[in-house]
$ cat protein25.csv   # CSV, C-alpha atoms and all ligand atoms
chain,number,residue,atom,x,y,z
Y,15,MET,CA,79.3,122.7,106.4
Y,16,ALA,CA,82.1,123.5,108.8
Y,17,ARG,CA,85.5,122.4,107.7
Y,18,LEU,CA,87.5,120.1,109.8
Y,19,PRO,CA,91.1,121.1,110.8
Y,20,PRO,CA,93.9,119.8,108.5
Y,21,PRO,CA,95.6,116.5,109.5
Y,22,LYS,CA,98.3,116.2,112.1
Y,23,PHE,CA,101.1,114.2,110.4
Y,24,ASP,CA,102.9,112.0,112.9
Y,25,THR,CA,106.4,111.2,112.0
Y,26,SER,CA,107.4,109.9,115.5
Y,27,PHE,CA,107.0,106.2,114.4
Y,28,ARG,CA,110.2,104.2,114.9
Y,29,ALA,CA,110.1,101.0,112.9
Y,30,GLU,CA,111.4,97.8,114.3
Y,31,VAL,CA,112.9,96.7,111.0
Y,32,GLY,CA,113.0,92.9,110.6
Y,33,GLN,CA,111.0,92.2,113.8
Y,34,SER,CA,107.5,90.7,113.8
Y,35,VAL,CA,105.6,93.2,115.9
Y,36,PRO,CA,102.2,91.9,117.3
Y,37,LEU,CA,99.4,94.5,116.8
Y,38,ALA,CA,96.2,92.7,117.6
Y,39,PRO,CA,95.2,89.0,117.8
Y,40,GLY,CA,96.0,87.5,114.4
Y,41,LEU,CA,97.8,90.6,113.2
Y,42,ALA,CA,101.6,91.3,113.1
Y,43,ARG,CA,103.7,93.9,111.3
Y,44,ILE,CA,107.2,93.4,109.8
Y,45,THR,CA,108.8,96.6,108.4
Y,46,ALA,CA,111.1,96.2,105.4
Y,47,PRO,CA,114.5,98.0,105.3
Y,48,ASN,CA,113.6,100.2,102.4
Y,49,ALA,CA,113.2,103.6,104.2
Y,50,SER,CA,113.2,106.6,101.9
Y,51,PRO,CA,111.5,110.0,101.4
Y,52,TYR,CA,108.7,108.1,99.6
Y,53,THR,CA,108.4,105.0,101.8
Y,54,PHE,CA,109.0,106.8,105.2
Y,55,THR,CA,110.3,104.1,107.6
Y,56,GLY,CA,109.9,101.4,105.0
Y,57,THR,CA,107.1,99.1,103.7
Y,58,ASN,CA,105.0,97.4,106.3
Y,59,THR,CA,104.4,93.7,105.6
Y,60,PHE,CA,101.4,92.3,107.6
Y,61,LEU,CA,101.0,88.8,108.7
Y,62,LEU,CA,97.4,87.7,109.2
Y,63,GLY,CA,96.1,84.7,111.2
Y,64,THR,CA,97.2,82.5,114.1
Y,65,GLU,CA,97.5,78.9,112.8
Y,66,ARG,CA,96.9,79.4,109.1
Y,67,LEU,CA,98.4,82.6,107.8
Y,68,ALA,CA,98.2,85.1,105.0
Y,69,LEU,CA,100.8,87.7,104.0
Y,70,ILE,CA,99.9,91.2,102.9
Y,71,ASP,CA,102.4,93.3,100.9
Y,72,PRO,CA,105.5,91.2,101.1
Y,73,GLY,CA,107.5,94.2,100.0
Y,74,PRO,CA,110.9,94.6,98.3
Y,75,GLU,CA,113.2,91.8,97.2
Y,76,ASP,CA,115.5,92.2,100.1
Y,77,GLU,CA,117.0,89.0,101.5
Y,78,SER,CA,117.0,90.2,105.1
Y,79,HIS,CA,113.3,91.1,104.9
Y,80,LEU,CA,112.3,87.8,103.3
Y,81,ALA,CA,114.2,86.0,106.0
Y,82,ALA,CA,112.3,88.0,108.6
Y,83,ILE,CA,109.1,87.0,107.0
Y,84,ASP,CA,110.1,83.4,107.1
Y,85,ARG,CA,111.1,83.6,110.8
Y,86,ALA,CA,107.8,85.2,111.6
Y,87,LEU,CA,105.9,82.3,110.0
Y,88,MET,CA,107.5,80.0,112.7
Y,89,GLY,CA,106.8,77.0,110.5
Y,90,ARG,CA,103.1,77.7,110.3
Y,91,LYS,CA,101.2,77.2,107.1
Y,92,LEU,CA,101.1,80.2,104.7
Y,93,GLU,CA,97.9,80.1,102.5
Y,94,ALA,CA,97.9,83.2,100.4
Y,95,ILE,CA,99.7,86.5,99.6
Y,96,LEU,CA,97.6,89.6,99.2
Y,97,LEU,CA,98.6,93.0,97.8
Y,98,THR,CA,97.1,96.4,98.5
Y,99,HIS,CA,98.5,97.5,95.1
Y,100,THR,CA,101.2,96.8,92.6
Y,101,HIS,CA,103.8,99.5,93.3
Y,102,ARG,CA,107.1,97.7,93.6
Y,103,ASP,CA,107.8,98.7,97.2
Y,104,HIS,CA,104.8,96.4,98.0
Y,105,SER,CA,104.9,93.8,95.4
Y,106,ALA,CA,108.5,93.2,94.1
Y,107,SER,CA,109.0,90.0,96.1
Y,108,ALA,CA,105.4,88.7,95.7
Y,109,ALA,CA,105.9,86.4,92.7
Y,110,ARG,CA,109.0,84.9,94.2
Y,111,LEU,CA,107.4,84.3,97.6
Y,112,ALA,CA,104.3,82.8,96.0
Y,113,ARG,CA,106.4,80.3,94.2
Y,114,HIS,CA,108.6,79.6,97.2
Y,115,TYR,CA,105.7,78.9,99.5
Y,116,GLY,CA,103.4,77.4,96.8
Y,117,VAL,CA,100.6,79.9,97.6
Y,118,PRO,CA,98.3,82.0,95.4
Y,119,LEU,CA,98.6,85.7,94.8
Y,120,TRP,CA,95.5,87.8,95.4
Y,121,PHE,CA,95.1,91.5,94.5
Y,122,GLY,CA,92.9,94.0,92.6
Y,123,GLY,CA,93.9,93.1,89.1
Y,124,GLN,CA,97.0,93.7,86.9
Y,125,HIS,CA,98.5,97.2,87.3
Y,126,ARG,CA,96.7,99.8,85.2
Y,127,LEU,CA,96.6,103.5,84.7
Y,128,SER,CA,93.7,105.6,86.1
Y,129,ARG,CA,93.2,107.0,82.6
Y,130,PRO,CA,94.8,106.4,79.2
Y,131,LEU,CA,98.0,108.3,78.5
Y,132,ARG,CA,97.7,111.5,76.4
Y,133,ARG,CA,99.8,112.0,73.3
Y,134,PHE,CA,103.4,112.8,74.3
Y,135,GLU,CA,102.6,112.1,77.9
Y,136,PHE,CA,104.6,109.7,80.0
Y,137,ASN,CA,103.9,108.1,83.4
Y,138,PRO,CA,106.5,109.6,85.8
Y,139,ILE,CA,106.3,106.6,88.1
Y,140,LYS,CA,106.3,103.9,85.4
Y,141,ARG,CA,109.4,102.2,86.8
Y,142,SER,CA,107.8,101.9,90.3
Y,143,CYS,CA,105.0,99.8,89.0
Y,144,ASP,CA,104.8,96.0,88.6
Y,145,TRP,CA,103.3,95.8,85.1
Y,146,ASP,CA,103.7,92.1,84.5
Y,147,LEU,CA,102.4,90.7,87.8
Y,148,LEU,CA,99.1,88.8,87.4
Y,149,PRO,CA,96.8,87.8,90.3
Y,150,ASP,CA,95.7,84.2,90.7
Y,151,ARG,CA,92.5,85.7,92.0
Y,152,THR,CA,91.3,89.2,91.3
Y,153,LEU,CA,89.7,90.7,94.5
Y,154,THR,CA,86.6,92.7,94.0
Y,155,ASP,CA,84.9,95.4,96.1
Y,156,GLY,CA,82.9,94.2,99.1
Y,157,GLU,CA,83.8,90.5,98.9
Y,158,THR,CA,85.0,88.6,101.9
Y,159,VAL,CA,87.9,86.2,101.6
Y,160,GLU,CA,89.4,83.8,104.1
Y,161,ALA,CA,93.0,85.0,104.5
Y,162,GLY,CA,94.6,82.3,106.6
Y,163,ASP,CA,92.2,81.9,109.5
Y,164,ILE,CA,91.1,85.5,109.3
Y,165,THR,CA,88.1,86.8,107.4
Y,166,VAL,CA,89.0,89.9,105.3
Y,167,THR,CA,86.6,92.3,103.6
Y,168,VAL,CA,88.0,93.8,100.4
Y,169,HIS,CA,87.4,97.5,99.7
Y,170,THR,CA,88.5,99.0,96.4
Y,171,THR,CA,90.2,102.4,97.1
Y,172,PRO,CA,91.6,103.8,93.9
Y,173,GLY,CA,93.4,107.2,93.9
Y,174,HIS,CA,97.0,106.5,94.9
Y,175,CYS,CA,96.8,104.0,92.0
Y,176,ALA,CA,93.9,102.3,90.1
Y,177,ASN,CA,94.1,98.8,91.6
Y,178,HIS,CA,94.5,99.9,95.3
Y,179,LEU,CA,92.6,97.9,97.9
Y,180,ALA,CA,92.1,98.3,101.6
Y,181,PHE,CA,91.4,95.3,103.8
Y,182,GLY,CA,89.0,95.2,106.7
Y,183,LEU,CA,89.5,92.6,109.4
Y,184,GLY,CA,86.2,91.1,110.4
Y,185,GLY,CA,84.9,92.0,113.8
Y,186,THR,CA,88.0,94.0,114.9
Y,187,GLY,CA,87.4,97.5,113.7
Y,188,ILE,CA,90.8,97.4,112.0
Y,189,LEU,CA,91.4,98.5,108.4
Y,190,LEU,CA,94.7,97.8,106.6
Y,191,SER,CA,94.7,101.1,104.7
Y,192,GLY,CA,97.7,100.5,102.4
Y,193,ASP,CA,99.0,103.7,100.9
Y,194,HIS,CA,95.5,105.3,100.7
Y,195,VAL,CA,95.4,106.7,104.3
Y,196,MET,CA,98.7,107.0,106.2
Y,197,GLY,CA,99.6,108.8,109.4
Y,198,TRP,CA,103.0,110.3,108.5
Y,199,ASN,CA,102.0,112.1,105.3
Y,200,SER,CA,99.3,112.4,102.6
Y,201,THR,CA,99.7,109.8,99.9
Y,202,LEU,CA,101.4,110.5,96.5
Y,203,VAL,CA,98.8,110.9,93.7
Y,204,SER,CA,100.6,110.9,90.4
Y,205,VAL,CA,98.6,111.1,87.2
Y,206,PRO,CA,97.9,109.1,85.2
Y,207,ASP,CA,98.9,106.2,87.5
Y,208,GLY,CA,96.6,107.7,90.2
Y,209,SER,CA,93.7,110.1,90.2
Y,210,MET,CA,92.8,112.9,92.6
Y,211,ALA,CA,89.0,112.5,91.9
Y,212,ASP,CA,89.3,108.8,92.7
Y,213,TYR,CA,91.3,109.6,95.8
Y,214,PHE,CA,88.7,112.0,97.1
Y,215,ALA,CA,86.0,109.4,96.5
Y,216,SER,CA,88.0,106.7,98.2
Y,217,LEU,CA,88.5,109.0,101.3
Y,218,ASP,CA,84.7,109.4,101.5
Y,219,LYS,CA,84.4,105.7,101.1
Y,220,VAL,CA,86.6,104.6,104.0
Y,221,MET,CA,85.1,107.3,106.2
Y,222,ALA,CA,81.7,105.6,105.8
Y,223,LEU,CA,83.1,102.1,106.6
Y,224,PRO,CA,82.9,100.7,110.1
Y,225,TYR,CA,86.6,100.7,110.9
Y,226,ARG,CA,88.2,102.9,113.4
Y,227,HIS,CA,91.8,101.8,113.7
Y,228,TYR,CA,93.9,101.9,110.5
Y,229,HIS,CA,97.2,100.2,110.0
Y,230,PRO,CA,98.9,101.8,106.9
Y,231,ALA,CA,101.5,100.2,104.7
Y,232,HIS,CA,104.1,102.9,105.8
Y,233,GLY,CA,104.5,104.2,109.3
Y,234,GLY,CA,102.5,103.6,112.5
Y,235,PRO,CA,98.8,103.0,113.2
Y,236,ILE,CA,96.2,105.7,113.1
Y,237,GLU,CA,94.0,105.8,116.2
Y,238,ASP,CA,91.0,107.4,114.6
Y,239,GLY,CA,91.2,106.5,110.9
Y,240,PRO,CA,87.9,108.1,109.7
Y,241,ALA,CA,88.8,111.4,111.4
Y,242,HIS,CA,92.3,111.3,109.8
Y,243,ALA,CA,90.8,110.6,106.4
Y,244,ALA,CA,88.4,113.5,106.8
Y,245,ALA,CA,91.4,115.7,107.7
Y,246,LEU,CA,93.3,114.5,104.7
Y,247,LYS,CA,90.3,115.5,102.5
Y,248,THR,CA,90.5,119.0,104.1
Y,249,HIS,CA,94.2,119.1,103.3
Y,250,ARG,CA,93.6,118.2,99.6
Y,251,GLN,CA,90.8,120.8,99.4
Y,252,MET,CA,93.2,123.4,100.8
Y,253,ARG,CA,95.7,122.4,98.1
Y,254,ASN,CA,93.0,122.9,95.5
Y,255,GLU,CA,92.4,126.4,96.9
Y,256,GLN,CA,96.1,127.2,97.0
Y,257,LEU,CA,96.4,126.2,93.4
Y,258,ILE,CA,93.6,128.4,92.3
Y,259,GLY,CA,95.1,131.2,94.4
Y,260,ALA,CA,98.5,130.8,92.8
Y,261,VAL,CA,97.1,130.9,89.3
Y,262,ARG,CA,95.0,134.0,90.3
Y,263,ASN,CA,98.2,135.6,91.5
Y,264,GLY,CA,99.9,135.0,88.1
Y,265,ALA,CA,101.4,131.5,88.2
Y,266,LYS,CA,101.0,130.1,84.7
Y,267,THR,CA,102.9,126.9,84.9
Y,268,ILE,CA,103.0,123.9,87.2
Y,269,GLY,CA,106.5,124.9,88.3
Y,270,ALA,CA,105.4,128.3,89.3
Y,271,VAL,CA,102.5,126.9,91.2
Y,272,VAL,CA,104.8,124.4,93.1
Y,273,LYS,CA,107.2,127.2,93.9
Y,274,ALA,CA,104.4,129.4,95.3
Y,275,ILE,CA,102.8,126.6,97.4
Y,276,TYR,CA,106.0,124.8,98.5
Y,277,PRO,CA,108.7,127.5,98.6
Y,278,THR,CA,111.1,125.7,100.9
Y,279,GLN,CA,110.8,122.0,100.1
Y,280,PRO,CA,113.9,120.0,99.3
Y,281,ALA,CA,114.2,119.0,95.6
Y,282,LYS,CA,113.2,115.3,96.1
Y,283,ILE,CA,110.0,116.3,97.9
Y,284,ARG,CA,109.4,119.0,95.4
Y,285,LEU,CA,109.3,116.4,92.7
Y,286,ALA,CA,106.5,114.6,94.6
Y,287,ALA,CA,104.8,117.9,95.2
Y,288,ARG,CA,104.9,118.6,91.4
Y,289,MET,CA,103.4,115.2,90.6
Y,290,THR,CA,100.6,115.7,93.2
Y,291,MET,CA,100.0,119.3,91.9
Y,292,MET,CA,99.5,117.8,88.4
Y,293,ALA,CA,96.8,115.6,89.8
Y,294,HIS,CA,95.2,118.7,91.4
Y,295,VAL,CA,95.3,120.5,88.1
Y,296,GLU,CA,93.6,117.7,86.4
Y,297,TYR,CA,91.0,117.5,89.1
Y,298,LEU,CA,90.1,121.2,88.9
Y,299,GLU,CA,90.2,121.1,85.1
Y,300,GLU,CA,87.6,118.2,85.1
Y,301,ARG,CA,85.4,120.4,87.3
Y,302,GLY,CA,85.7,123.4,85.0
Y,303,GLU,CA,87.6,125.5,87.5
Y,304,LEU,CA,90.9,125.6,85.6
Y,305,ARG,CA,91.7,125.9,81.9
Y,306,VAL,CA,94.7,123.9,80.9
Y,307,ALA,CA,96.6,124.2,77.6
Y,308,ARG,CA,98.9,121.3,77.0
Y,309,GLY,CA,101.7,121.8,74.6
Y,310,LEU,CA,104.9,120.1,73.6
Y,311,PHE,CA,106.9,122.4,75.8
Y,312,GLY,CA,104.7,122.4,78.9
Y,313,THR,CA,101.4,123.1,80.4
Y,314,ARG,CA,99.8,126.6,80.7
Y,315,LEU,CA,97.3,127.3,83.4
Y,316,ALA,CA,94.5,129.8,83.5
Y,317,LEU,CA,91.3,130.3,85.6
Y,318,SER,CA,88.1,129.4,83.9
Y,401,ZN,ZN,104.0,102.3,99.1
$ encode --input "protein25.csv" --output "structure tokens"
Amino acid sequence: MARLPPPKFDTSFRAEVGQSVPLAPGLARITAPNASPYTFTGTNTFLLGTERLALIDPGPEDESHLAAIDRALMGRKLEAILLTHTHRDHSASAARLARHYGVPLWFGGQHRLSRPLRRFEFNPIKRSCDWDLLPDRTLTDGETVEAGDITVTVHTTPGHCANHLAFGLGGTGILLSGDHVMGWNSTLVSVPDGSMADYFASLDKVMALPYRHYHPAHGGPIEDGPAHAAALKTHRQMRNEQLIGAVRNGAKTIGAVVKAIYPTQPAKIRLAARMTMMAHVEYLEERGELRVARGLFGTRLALS
């Protein structure tokens, strides 16, 4: 099968932080002031509904952001808070807002790893996860829920993390794609919080769903979501091939592979690259394409 071209990452989005930006009937976006190399222009909080409302990803505990959310409600009735996943840039304010507005919290279950920790292994993004947050209702794949006066279809999309959900808005062709599919960059997949195999499967999954316009949790909308998801898949397949190539050329450690593939990246991005590369290593190991020897002092790579 012919390969699609790699994705075009669009970093031209300019967030109107603190403003409620209408995107479609019954859908508005409020971007939080937590821009960073990992969150791009900040976390997008979405407001669903016209008279009765639901909030998706209330974001960080930032007073100005919570005030912006309250302004955007304009006194209308909030009925539920939904989360795409339980990384703290999406969920940190969720419990407090649920209490404040007296509404339930709905998401894909308590934060969990994609696989158990190995001996001596630690989760590099442990502190970014909301381990103690519990849903009032656990959302499951394929179910439809009334979120305010909008009908939302729940789609489990693990990969970025195990409890990640995307939300389809009934009859609009719009998917709130969370951190799974974003326009500005490919998502971080850090093992064992996330899983590259799950991520590939979840890309295939959204491509087959009947949504064309994606609104991600960071950055601007994606005009043709399924085409972008397909391009992201190509991008990850290219990374798999680069990894195999680097090992063939003599790289024996993750660090050597990262240096070969991302020679000019700044340190902060290189850390993310290293985490994603670990996820690729595991993916190729599971498929029998790489041999991985894990020791106390590091990981040694070889071709199978
Ligand atoms: Zn995020």
$ closest_atom_pairs --input "protein25.csv" --of "chain Y" --to "ligand ZN 401 (chain Y)" --cutoff "6 Å" --atoms "all atoms listed in the file" --output "CSV"
residue,atom,partner,partner_atom,distance
Y:Thr53,CA,Y:ZN401,ZN,5.8
Y:Asp103,CA,Y:ZN401,ZN,5.6
Y:Asp193,CA,Y:ZN401,ZN,5.5
$ write_last_selection --input "protein25.csv" --atoms "C-alpha atoms" --output "compact mmCIF listing (two decimals), keeping the file's coordinate frame"
# COMPACT_ATOMS: atom_id res chain seq x y z
CA THR Y 53 108.40 105.00 101.80
CA ASP Y 103 107.80 98.70 97.20
CA ASP Y 193 99.00 103.70 100.90
$ closest_atom_pairs --input "protein25.csv" --of "range 136-177 of chain Y" --to "range 33-51 of chain Y" --cutoff "10 Å" --atoms "all atoms listed in the file" --output "CSV"
residue,atom,partner,partner_atom,distance
Y:Gly162,CA,Y:Gly40,CA,9.5
Y:Asp163,CA,Y:Gly40,CA,8.4
Y:Ile164,CA,Y:Gly40,CA,7.3
$ residues_around --input "protein25.csv" --residues "Ala29 in chain Y" --least-positions-apart "3" --cutoff "8 Å" --atoms "only C-alpha atoms" --output "PyMOL selection string"
chain Y and resi 45+55-56+233
$ closest_residue --input "protein25.csv" --among "Y:Ile236, Y:Ala180, Y:Met289, Y:Ala222" --to "Ser204 in chain Y" --atoms "all atoms listed in the file"
Y:Met289
$ atom_distance --input "protein25.csv" --atom1 "CA of Arg113 in chain Y" --atom2 "CA of Leu87 in chain Y"
15.9 Å
$ residues_around --input "protein25.csv" --residues "Ile275 in chain Y" --least-positions-apart "6" --cutoff "8 Å" --atoms "all atoms listed in the file" --output "ChimeraX atom specification"
/Y:256-257,260
$ residues_around --input "protein25.csv" --residues "range 123-128 of chain Y" --least-positions-apart "5" --cutoff "9 Å" --atoms "all atoms listed in the file" --output "ChimeraX atom specification"
/Y:99-101,137,143-149,151-154,172-173,175-177,205-209,212
$ closest_residue --input "protein25.csv" --among "Y:Asp150, Y:Leu315, Y:Tyr225, Y:Ala231" --to "Gly185 in chain Y" --atoms "all atoms listed in the file"
Y:Tyr225
$ closest_residue --input "protein25.csv" --among "Y:Ser105, Y:Gln251, Y:Asn199, Y:Thr170" --to "Met291 in chain Y" --atoms "only C-alpha atoms"
Y:Gln251
$ atom_distance --input "protein25.csv" --atom1 "CA of Asp155 in chain Y" --atom2 "CA of His169 in chain Y"
4.9 Å
$ atom_distance --input "protein25.csv" --atom1 "CA of His114 in chain Y" --atom2 "CA of Val159 in chain Y"
22.2 Å
$ closest_residue --input "protein25.csv" --among "Y:Met292, Y:Ala108, Y:Leu92, Y:Val31" --to "His79 in chain Y" --atoms "only C-alpha atoms"
Y:Val31
$ closest_residue --input "protein25.csv" --among "Y:Leu119, Y:Ala161, Y:Leu131, Y:Met221" --to "Leu67 in chain Y" --atoms "all atoms listed in the file"
Y:Ala161
$ closest_residue --input "protein25.csv" --among "Y:Lys247, Y:Arg226, Y:Arg28, Y:Lys91" --to "Ala211 in chain Y" --atoms "only C-alpha atoms"
Y:Lys247
